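Reproduced below: protein_13.cif, with mmCIF, C-alpha atoms and all ligand atoms.
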data_structure
#
loop_
_atom_site.group_PDB
_atom_site.id
_atom_site.type_symbol
_atom_site.label_atom_id
_atom_site.label_comp_id
_atom_site.auth_asym_id
_atom_site.auth_seq_id
_atom_site.Cartn_x
_atom_site.Cartn_y
_atom_site.Cartn_z
ATOM 1 C CA MET A 1 -66.190 -94.979 -85.718
ATOM 2 C CA THR A 2 -68.855 -93.930 -88.204
ATOM 3 C CA GLU A 3 -69.053 -95.221 -91.760
ATOM 4 C CA SER A 4 -67.340 -92.057 -93.004
ATOM 5 C CA GLY A 5 -64.551 -92.029 -90.402
ATOM 6 C CA LYS A 6 -63.547 -89.433 -87.817
ATOM 7 C CA MET A 7 -61.221 -86.514 -87.132
ATOM 8 C CA ILE A 8 -57.875 -87.159 -85.391
ATOM 9 C CA ASN A 9 -55.704 -84.109 -84.577
ATOM 10 C CA GLY A 10 -57.987 -82.186 -86.891
ATOM 11 C CA PHE A 11 -57.312 -84.539 -89.822
ATOM 12 C CA LYS A 12 -59.849 -86.838 -91.422
ATOM 13 C CA HIS A 13 -59.384 -90.591 -91.020
ATOM 14 C CA ILE A 14 -61.472 -92.865 -93.189
ATOM 15 C CA PRO A 15 -62.402 -96.540 -92.715
ATOM 16 C CA TYR A 16 -59.982 -99.089 -94.153
ATOM 17 C CA LYS A 17 -61.594 -102.223 -95.498
ATOM 18 C CA PRO A 18 -58.941 -104.872 -96.150
ATOM 19 C CA LYS A 19 -59.631 -107.842 -98.387
ATOM 20 C CA SER A 20 -60.194 -110.901 -96.273
ATOM 21 C CA PHE A 21 -59.140 -114.442 -97.106
ATOM 22 C CA SER A 22 -59.624 -117.782 -95.383
ATOM 23 C CA GLY A 23 -56.568 -119.455 -93.871
ATOM 24 C CA GLU A 24 -56.431 -121.794 -96.842
ATOM 25 C CA GLU A 25 -56.707 -118.987 -99.392
ATOM 26 C CA MET A 26 -54.013 -117.044 -97.566
ATOM 27 C CA LEU A 27 -51.661 -120.009 -97.657
ATOM 28 C CA GLU A 28 -52.295 -120.478 -101.367
ATOM 29 C CA LYS A 29 -51.900 -116.773 -102.163
ATOM 30 C CA THR A 30 -48.672 -116.367 -100.170
ATOM 31 C CA LYS A 31 -47.228 -119.452 -101.850
ATOM 32 C CA GLU A 32 -48.137 -118.165 -105.305
ATOM 33 C CA PHE A 33 -46.712 -114.742 -104.547
ATOM 34 C CA TYR A 34 -43.490 -116.220 -103.225
ATOM 35 C CA ASN A 35 -43.180 -118.483 -106.279
ATOM 36 C CA SER A 36 -43.668 -115.511 -108.564
ATOM 37 C CA LEU A 37 -41.077 -113.356 -106.768
ATOM 38 C CA ASN A 38 -38.684 -116.280 -106.537
ATOM 39 C CA ASP A 39 -38.659 -116.436 -110.354
ATOM 40 C CA ARG A 40 -37.203 -112.920 -110.476
ATOM 41 C CA ARG A 41 -33.577 -112.599 -111.479
ATOM 42 C CA SER A 42 -31.292 -109.642 -111.986
ATOM 43 C CA VAL A 43 -30.767 -109.741 -115.737
ATOM 44 C CA ARG A 44 -27.940 -108.024 -117.577
ATOM 45 C CA HIS A 45 -28.826 -109.080 -121.126
ATOM 46 C CA PHE A 46 -31.672 -107.040 -122.580
ATOM 47 C CA SER A 47 -33.654 -107.056 -125.799
ATOM 48 C CA ASP A 48 -34.155 -103.698 -127.499
ATOM 49 C CA LYS A 49 -37.847 -104.535 -128.053
ATOM 50 C CA PRO A 50 -39.872 -101.441 -127.122
ATOM 51 C CA VAL A 51 -42.007 -101.370 -123.977
ATOM 52 C CA PRO A 52 -45.056 -99.081 -124.081
ATOM 53 C CA LYS A 53 -44.806 -95.899 -122.021
ATOM 54 C CA ALA A 54 -48.162 -96.702 -120.382
ATOM 55 C CA VAL A 55 -46.618 -99.884 -118.912
ATOM 56 C CA ILE A 56 -43.747 -97.897 -117.402
ATOM 57 C CA GLU A 57 -46.274 -95.414 -116.027
ATOM 58 C CA ASN A 58 -48.177 -98.205 -114.248
ATOM 59 C CA ILE A 59 -44.917 -99.598 -112.885
ATOM 60 C CA ILE A 60 -43.917 -96.196 -111.496
ATOM 61 C CA LYS A 61 -47.400 -95.683 -110.029
ATOM 62 C CA SER A 62 -46.978 -99.042 -108.270
ATOM 63 C CA ALA A 63 -43.663 -97.912 -106.753
ATOM 64 C CA GLY A 64 -45.337 -94.684 -105.678
ATOM 65 C CA THR A 65 -47.712 -96.657 -103.431
ATOM 66 C CA ALA A 66 -44.798 -97.348 -101.026
ATOM 67 C CA PRO A 67 -45.007 -96.157 -97.424
ATOM 68 C CA SER A 68 -42.726 -93.242 -96.542
ATOM 69 C CA GLY A 69 -41.584 -91.237 -93.520
ATOM 70 C CA ALA A 70 -44.419 -88.816 -92.579
ATOM 71 C CA HIS A 71 -45.933 -89.638 -95.984
ATOM 72 C CA LYS A 72 -43.477 -87.263 -97.656
ATOM 73 C CA GLN A 73 -43.101 -89.614 -100.654
ATOM 74 C CA PRO A 74 -39.498 -88.437 -101.074
ATOM 75 C CA TRP A 75 -38.879 -90.037 -104.470
ATOM 76 C CA LYS A 76 -38.747 -89.104 -108.119
ATOM 77 C CA PHE A 77 -38.637 -91.662 -110.910
ATOM 78 C CA CYS A 78 -37.143 -90.388 -114.165
ATOM 79 C CA ALA A 79 -38.055 -92.661 -117.084
ATOM 80 C CA ILE A 80 -35.650 -92.297 -119.981
ATOM 81 C CA SER A 81 -36.155 -93.736 -123.474
ATOM 82 C CA ASN A 82 -34.277 -90.981 -125.331
ATOM 83 C CA ALA A 83 -31.407 -92.713 -127.172
ATOM 84 C CA GLU A 84 -29.020 -89.783 -126.950
ATOM 85 C CA LEU A 85 -29.524 -89.442 -123.216
ATOM 86 C CA LYS A 86 -29.113 -93.197 -122.712
ATOM 87 C CA SER A 87 -25.784 -93.080 -124.594
ATOM 88 C CA LYS A 88 -24.559 -90.193 -122.454
ATOM 89 C CA ILE A 89 -25.549 -92.085 -119.301
ATOM 90 C CA ARG A 90 -23.755 -95.214 -120.485
ATOM 91 C CA GLU A 91 -20.629 -93.270 -121.344
ATOM 92 C CA ALA A 92 -20.516 -91.538 -117.949
ATOM 93 C CA ALA A 93 -21.393 -94.718 -116.016
ATOM 94 C CA GLU A 94 -18.680 -96.735 -117.764
ATOM 95 C CA LYS A 95 -16.130 -94.020 -117.015
ATOM 96 C CA GLU A 96 -16.879 -94.310 -113.287
ATOM 97 C CA GLU A 97 -17.020 -98.100 -113.404
ATOM 98 C CA LYS A 98 -13.602 -98.304 -115.078
ATOM 99 C CA GLU A 99 -12.212 -96.307 -112.190
ATOM 100 C CA ASN A 100 -14.132 -98.561 -109.750
ATOM 101 C CA TYR A 101 -13.040 -101.900 -111.159
ATOM 102 C CA ASN A 102 -9.459 -100.812 -111.791
ATOM 103 C CA ASN A 103 -8.741 -98.656 -108.742
ATOM 104 C CA ARG A 104 -11.513 -98.246 -106.186
ATOM 105 C CA MET A 105 -12.792 -101.771 -105.479
ATOM 106 C CA SER A 106 -10.877 -104.078 -103.147
ATOM 107 C CA GLU A 107 -9.553 -107.507 -104.190
ATOM 108 C CA ARG A 108 -12.155 -109.056 -101.916
ATOM 109 C CA TRP A 109 -14.978 -107.086 -103.551
ATOM 110 C CA LEU A 110 -13.863 -108.132 -107.029
ATOM 111 C CA LYS A 111 -13.673 -111.748 -105.842
ATOM 112 C CA ASP A 112 -17.208 -111.518 -104.405
ATOM 113 C CA LEU A 113 -18.485 -110.167 -107.732
ATOM 114 C CA ALA A 114 -16.753 -112.791 -109.884
ATOM 115 C CA PRO A 115 -19.689 -115.269 -109.809
ATOM 116 C CA LEU A 116 -22.055 -112.574 -111.108
ATOM 117 C CA GLY A 117 -20.034 -111.900 -114.250
ATOM 118 C CA THR A 118 -20.220 -108.107 -113.959
ATOM 119 C CA ASP A 119 -17.657 -105.838 -115.561
ATOM 120 C CA THR A 120 -17.152 -102.275 -116.751
ATOM 121 C CA ASN A 121 -19.217 -102.823 -119.917
ATOM 122 C CA LYS A 122 -22.689 -101.365 -119.354
ATOM 123 C CA GLU A 123 -24.183 -101.814 -122.823
ATOM 124 C CA PHE A 124 -27.544 -102.607 -121.213
ATOM 125 C CA LEU A 125 -27.809 -98.865 -120.505
ATOM 126 C CA GLU A 126 -28.217 -98.319 -124.261
ATOM 127 C CA ILE A 127 -29.989 -101.535 -125.262
ATOM 128 C CA ALA A 128 -32.801 -101.565 -122.679
ATOM 129 C CA PRO A 129 -35.721 -99.492 -124.024
ATOM 130 C CA TRP A 130 -36.130 -97.665 -120.708
ATOM 131 C CA LEU A 131 -33.893 -96.525 -117.890
ATOM 132 C CA ILE A 132 -35.630 -95.617 -114.655
ATOM 133 C CA MET A 133 -33.414 -93.302 -112.662
ATOM 134 C CA VAL A 134 -34.560 -93.060 -109.059
ATOM 135 C CA PHE A 135 -33.770 -89.922 -107.090
ATOM 136 C CA LYS A 136 -34.316 -89.402 -103.386
ATOM 137 C CA GLU A 137 -35.590 -86.026 -102.236
ATOM 138 C CA VAL A 138 -33.471 -85.212 -99.210
ATOM 139 C CA PHE A 139 -35.403 -82.061 -98.447
ATOM 140 C CA GLU A 140 -38.398 -80.110 -99.618
ATOM 141 C CA LEU A 141 -38.727 -76.375 -100.017
ATOM 142 C CA ASN A 142 -41.710 -74.586 -98.504
ATOM 143 C CA ALA A 143 -43.506 -71.644 -100.124
ATOM 144 C CA LYS A 144 -40.882 -69.280 -98.644
ATOM 145 C CA GLY A 145 -38.064 -71.324 -100.178
ATOM 146 C CA GLU A 146 -36.953 -72.697 -96.782
ATOM 147 C CA LYS A 147 -35.396 -76.184 -96.626
ATOM 148 C CA HIS A 148 -37.107 -78.912 -94.610
ATOM 149 C CA ASN A 149 -35.357 -82.265 -94.441
ATOM 150 C CA ASN A 150 -37.445 -85.327 -95.222
ATOM 151 C CA TYR A 151 -37.564 -88.272 -92.831
ATOM 152 C CA TYR A 152 -36.206 -91.810 -93.257
ATOM 153 C CA VAL A 153 -35.439 -91.014 -96.870
ATOM 154 C CA ASN A 154 -33.209 -94.050 -97.548
ATOM 155 C CA GLU A 155 -35.694 -96.431 -95.977
ATOM 156 C CA SER A 156 -38.623 -94.878 -97.871
ATOM 157 C CA VAL A 157 -36.935 -94.837 -101.269
ATOM 158 C CA GLY A 158 -35.461 -98.304 -100.697
ATOM 159 C CA ILE A 159 -38.942 -99.694 -100.052
ATOM 160 C CA ALA A 160 -40.298 -97.909 -103.149
ATOM 161 C CA CYS A 161 -37.496 -99.429 -105.233
ATOM 162 C CA GLY A 162 -38.371 -102.901 -103.946
ATOM 163 C CA MET A 163 -41.930 -102.336 -105.062
ATOM 164 C CA LEU A 164 -40.711 -100.946 -108.398
ATOM 165 C CA ILE A 165 -38.641 -104.083 -109.000
ATOM 166 C CA SER A 166 -41.614 -106.306 -108.087
ATOM 167 C CA ALA A 167 -43.870 -104.349 -110.462
ATOM 168 C CA ILE A 168 -41.308 -104.734 -113.278
ATOM 169 C CA HIS A 169 -41.133 -108.479 -112.632
ATOM 170 C CA ASN A 170 -44.929 -108.732 -112.489
ATOM 171 C CA ALA A 171 -45.057 -107.242 -116.013
ATOM 172 C CA GLY A 172 -42.816 -110.038 -117.356
ATOM 173 C CA LEU A 173 -40.005 -107.539 -117.794
ATOM 174 C CA VAL A 174 -36.535 -107.602 -116.284
ATOM 175 C CA THR A 175 -34.235 -105.176 -114.560
ATOM 176 C CA LEU A 176 -31.141 -104.978 -112.439
ATOM 177 C CA THR A 177 -30.159 -102.519 -109.761
ATOM 178 C CA HIS A 178 -27.292 -100.590 -111.213
ATOM 179 C CA THR A 179 -25.392 -98.364 -108.813
ATOM 180 C CA PRO A 180 -22.615 -96.582 -110.636
ATOM 181 C CA SER A 181 -20.542 -94.969 -107.962
ATOM 182 C CA PRO A 182 -20.317 -92.036 -107.527
ATOM 183 C CA MET A 183 -23.667 -91.325 -109.169
ATOM 184 C CA ASN A 184 -23.779 -87.545 -109.021
ATOM 185 C CA PHE A 185 -23.263 -87.279 -112.774
ATOM 186 C CA LEU A 186 -26.833 -88.515 -113.218
ATOM 187 C CA ALA A 187 -28.342 -85.528 -111.394
ATOM 188 C CA THR A 188 -26.196 -83.260 -113.575
ATOM 189 C CA LEU A 189 -27.038 -85.015 -116.857
ATOM 190 C CA LEU A 190 -30.761 -84.964 -116.118
ATOM 191 C CA LYS A 191 -30.644 -81.394 -114.771
ATOM 192 C CA ARG A 192 -32.351 -82.384 -111.509
ATOM 193 C CA PRO A 193 -33.275 -79.867 -108.812
ATOM 194 C CA LYS A 194 -30.860 -79.467 -105.900
ATOM 195 C CA ASN A 195 -33.005 -81.355 -103.359
ATOM 196 C CA GLU A 196 -32.588 -84.596 -105.339
ATOM 197 C CA ARG A 197 -29.785 -87.147 -104.994
ATOM 198 C CA ALA A 198 -29.221 -90.067 -107.359
ATOM 199 C CA TYR A 199 -30.290 -93.310 -105.658
ATOM 200 C CA LEU A 200 -30.556 -96.207 -108.119
ATOM 201 C CA LEU A 201 -30.489 -96.719 -111.881
ATOM 202 C CA LEU A 202 -32.668 -99.486 -113.295
ATOM 203 C CA PRO A 203 -32.615 -100.519 -116.959
ATOM 204 C CA VAL A 204 -36.039 -101.966 -117.816
ATOM 205 C CA GLY A 205 -37.076 -104.102 -120.764
ATOM 206 C CA TYR A 206 -37.541 -107.624 -122.058
ATOM 207 C CA ALA A 207 -34.789 -110.137 -121.397
ATOM 208 C CA ALA A 208 -32.704 -110.960 -124.472
ATOM 209 C CA GLU A 209 -33.644 -114.338 -125.944
ATOM 210 C CA ASP A 210 -30.169 -115.647 -125.163
ATOM 211 C CA ALA A 211 -29.993 -113.996 -121.726
ATOM 212 C CA LEU A 212 -27.907 -115.874 -119.187
ATOM 213 C CA VAL A 213 -28.041 -115.468 -115.415
ATOM 214 C CA PRO A 214 -25.538 -116.799 -112.885
ATOM 215 C CA ASP A 215 -26.363 -120.224 -111.453
ATOM 216 C CA ILE A 216 -26.698 -119.075 -107.861
ATOM 217 C CA SER A 217 -29.225 -119.921 -105.170
ATOM 218 C CA ARG A 218 -30.980 -118.020 -102.419
ATOM 219 C CA LYS A 219 -30.545 -118.516 -98.701
ATOM 220 C CA GLU A 220 -32.998 -120.948 -97.087
ATOM 221 C CA LEU A 221 -35.814 -119.708 -94.833
ATOM 222 C CA SER A 222 -33.883 -121.001 -91.818
ATOM 223 C CA GLN A 223 -30.922 -118.824 -92.805
ATOM 224 C CA ILE A 224 -32.897 -115.612 -93.280
ATOM 225 C CA SER A 225 -35.274 -115.914 -90.333
ATOM 226 C CA ASP A 226 -35.521 -116.585 -86.628
ATOM 227 C CA PHE A 227 -38.974 -117.182 -85.216
ATOM 228 C CA TYR A 228 -39.780 -116.252 -81.598
ATOM 229 C CA VAL A 229 -42.993 -118.192 -80.895
HETATM 230 N N1 LIG A 301 -21.437 -100.985 -109.480
HETATM 231 C C1 LIG A 301 -20.592 -101.937 -110.174
HETATM 232 C C2 LIG A 301 -20.113 -103.023 -109.286
HETATM 233 C C3 LIG A 301 -21.112 -103.902 -108.668
HETATM 234 C C4 LIG A 301 -21.188 -103.926 -107.297
HETATM 235 C C5 LIG A 301 -22.054 -104.789 -106.669
HETATM 236 I I1 LIG A 301 -22.048 -104.865 -104.646
HETATM 237 C C6 LIG A 301 -22.874 -105.653 -107.420
HETATM 238 O O1 LIG A 301 -23.734 -106.534 -106.780
HETATM 239 C C7 LIG A 301 -22.781 -105.637 -108.788
HETATM 240 C C8 LIG A 301 -21.903 -104.735 -109.422
HETATM 241 C C9 LIG A 301 -21.313 -102.478 -111.420
HETATM 242 O O2 LIG A 301 -22.472 -102.158 -111.641
HETATM 243 O O3 LIG A 301 -20.707 -103.223 -112.175
#
Whole structure, structure tokens version:
Amino acid sequence: MTESGKMINGFKHIPYKPKSFSGEEMLEKTKEFYNSLNDRRSVRHFSDKPVPKAVIENIIKSAGTAPSGAHKQPWKFCAISNAELKSKIREAAEKEEKENYNNRMSERWLKDLAPLGTDTNKEFLEIAPWLIMVFKEVFELNAKGEKHNNYYVNESVGIACGMLISAIHNAGLVTLTHTPSPMNFLATLLKRPKNERAYLLLPVGYAAEDALVPDISRKELSQISDFYV
């Protein structure tokens, strides 16, 4: 391979130069990264303190670095700070959640949620300075207006959301993955094109000073992994 790369299937491939660390540095860096991510919590109590748009832009750009099926990047992040729109979203989300909590969710589901302290009140949708509404693009339209389905859309957008959440945490901000169900009202409210489907709604902002999180712990390494060495 030359310094400038080579052609594969008629497409240019360029050299990739990863950063390289010693074994010791790698151990230190992975520990630090784990410690940082392990401090993340899903927070439901937000401050209304504003967050600069440029910060949200960097966070979305970070999410947009995710890998995706055939590099289709089948995601759209709608960042909403408009108070009127946030109120409409809250109103519609709470309507669905009332139906969920009262009629759609099983006894077992409600019991599983009890430790988290969730309910039909979604005031965070109005208090948080930003809502990031993630849409997945199930297909794209070519120049002739023909539909072409994207590939591994759920996997791709799920990975991007993980990176979005990490970027939010890295900024010292908080979020939670809110999944009002069904979520179609969000595509309607935001007048999204017909190739987009609502995927996840994330309020983003500073944690309220008196924010509380449930006293729960994470599974141990031995519970989440099996090593084949
Ligand atoms: N979508 C509802 C219910 C809910 C479901 C799960 I699974 C959670 O982990 C948390 C909440 C809500 O947002 O309240």
Using all atoms listed in the file, which protein or nucleic acid residues are at most 10 Å from ligand LIG 301 (chain A), as a CSV table (one decimal) with C-alpha atoms, in the frame of the given file?
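To be explicit, this is the file written out as selection_4.csv:
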chain,number,residue,atom,x,y,z
A,42,SER,CA,-31.3,-109.6,-112.0
A,44,ARG,CA,-27.9,-108.0,-117.6
A,93,ALA,CA,-21.4,-94.7,-116.0
A,94,GLU,CA,-18.7,-96.7,-117.8
A,96,GLU,CA,-16.9,-94.3,-113.3
A,97,GLU,CA,-17.0,-98.1,-113.4
A,98,LYS,CA,-13.6,-98.3,-115.1
A,100,ASN,CA,-14.1,-98.6,-109.8
A,101,TYR,CA,-13.0,-101.9,-111.2
A,105,MET,CA,-12.8,-101.8,-105.5
A,109,TRP,CA,-15.0,-107.1,-103.6
A,110,LEU,CA,-13.9,-108.1,-107.0
A,112,ASP,CA,-17.2,-111.5,-104.4
A,113,LEU,CA,-18.5,-110.2,-107.7
A,114,ALA,CA,-16.8,-112.8,-109.9
A,116,LEU,CA,-22.1,-112.6,-111.1
A,117,GLY,CA,-20.0,-111.9,-114.2
A,118,THR,CA,-20.2,-108.1,-114.0
A,119,ASP,CA,-17.7,-105.8,-115.6
A,120,THR,CA,-17.2,-102.3,-116.8
A,121,ASN,CA,-19.2,-102.8,-119.9
A,122,LYS,CA,-22.7,-101.4,-119.4
A,176,LEU,CA,-31.1,-105.0,-112.4
A,177,THR,CA,-30.2,-102.5,-109.8
A,178,HIS,CA,-27.3,-100.6,-111.2
A,179,THR,CA,-25.4,-98.4,-108.8
A,180,PRO,CA,-22.6,-96.6,-110.6
A,181,SER,CA,-20.5,-95.0,-108.0
A,182,PRO,CA,-20.3,-92.0,-107.5
A,183,MET,CA,-23.7,-91.3,-109.2
A,201,LEU,CA,-30.5,-96.7,-111.9
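Across the chains present, the PyMOL selection byres (((chain A and resi 139) around 9) and not hetatm) applied to this file returns Pro74, Lys136, Glu137, Val138, Glu140, Leu141, Lys147, His148, Asn149, Asn150, Tyr151, Asn195 and Glu196 of chain A.
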Which residues, named as in the file, does the PyMOL selection byres (((chain A and resi 190) around 10) and not hetatm) pick out? Answer as an MDAnalysis selection string.
chainID A and resid 78 80 85 89 133 185:189 191:193
The residue from A:Ile132, A:Ile159, A:Leu37, A:Val204 with the smallest atom-to-atom distance to Val174 (chain A), counting all atoms listed in the file, is A:Val204
Which of these residues is nearest to Val55 (chain A), using all atoms listed in the file: A:Tyr16, A:Phe77, A:Trp130, A:Phe33?
A:Trp130
Evaluate the PyMOL selection byres (((chain A and resi 135) around 6) and not hetatm) and record the selected residues as an mmCIF file with C-alpha atoms, in the frame of the given file, following the chain and residue labels used in the document.
data_model
loop_
_atom_site.group_PDB
_atom_site.id
_atom_site.type_symbol
_atom_site.label_atom_id
_atom_site.label_comp_id
_atom_site.auth_asym_id
_atom_site.auth_seq_id
_atom_site.Cartn_x
_atom_site.Cartn_y
_atom_site.Cartn_z
ATOM 1 C CA TRP A 75 -38.879 -90.037 -104.470
ATOM 2 C CA LYS A 76 -38.747 -89.104 -108.119
ATOM 3 C CA VAL A 134 -34.560 -93.060 -109.059
ATOM 4 C CA LYS A 136 -34.316 -89.402 -103.386
ATOM 5 C CA GLU A 196 -32.588 -84.596 -105.339
ATOM 6 C CA ARG A 197 -29.785 -87.147 -104.994
ATOM 7 C CA ALA A 198 -29.221 -90.067 -107.359
ATOM 8 C CA TYR A 199 -30.290 -93.310 -105.658
#
Give as a list in words the set of residues within 9 Å of the point (-35.9, -108.1, -116.5), where distances use the file's coordinates and all atoms listed in the file.
Arg40, Arg41, Ser42, Val43, Arg44, His45, Phe46, Ile165, Ile168, His169, Gly172, Leu173, Val174, Thr175, Leu176, Pro203, Val204, Gly205, Tyr206 and Ala207 of chain A
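Atom pair CA of Ala63 (chain A) / CA of Ala160 (chain A) has a distance of 4.9 Å (rounded to one decimal).
The coordinates place CA of Gly162 (chain A) at 20.0 Å from CA of Glu220 (chain A).
Taking CA of Lys61 (chain A) and CA of Asn154 (chain A) as the two end points, the separation is 19.0 Å.
Across A:Ile8, A:Ala171, A:Ile127, A:Val213, the tightest approach to Lys86 (chain A) is made by A:Ile127 when counting all atoms listed in the file.
The closest residue to Ala70 (chain A), picked from A:Met7, A:Ala92, A:Val153, A:Ala211 and counting all atoms listed in the file, is A:Val153.
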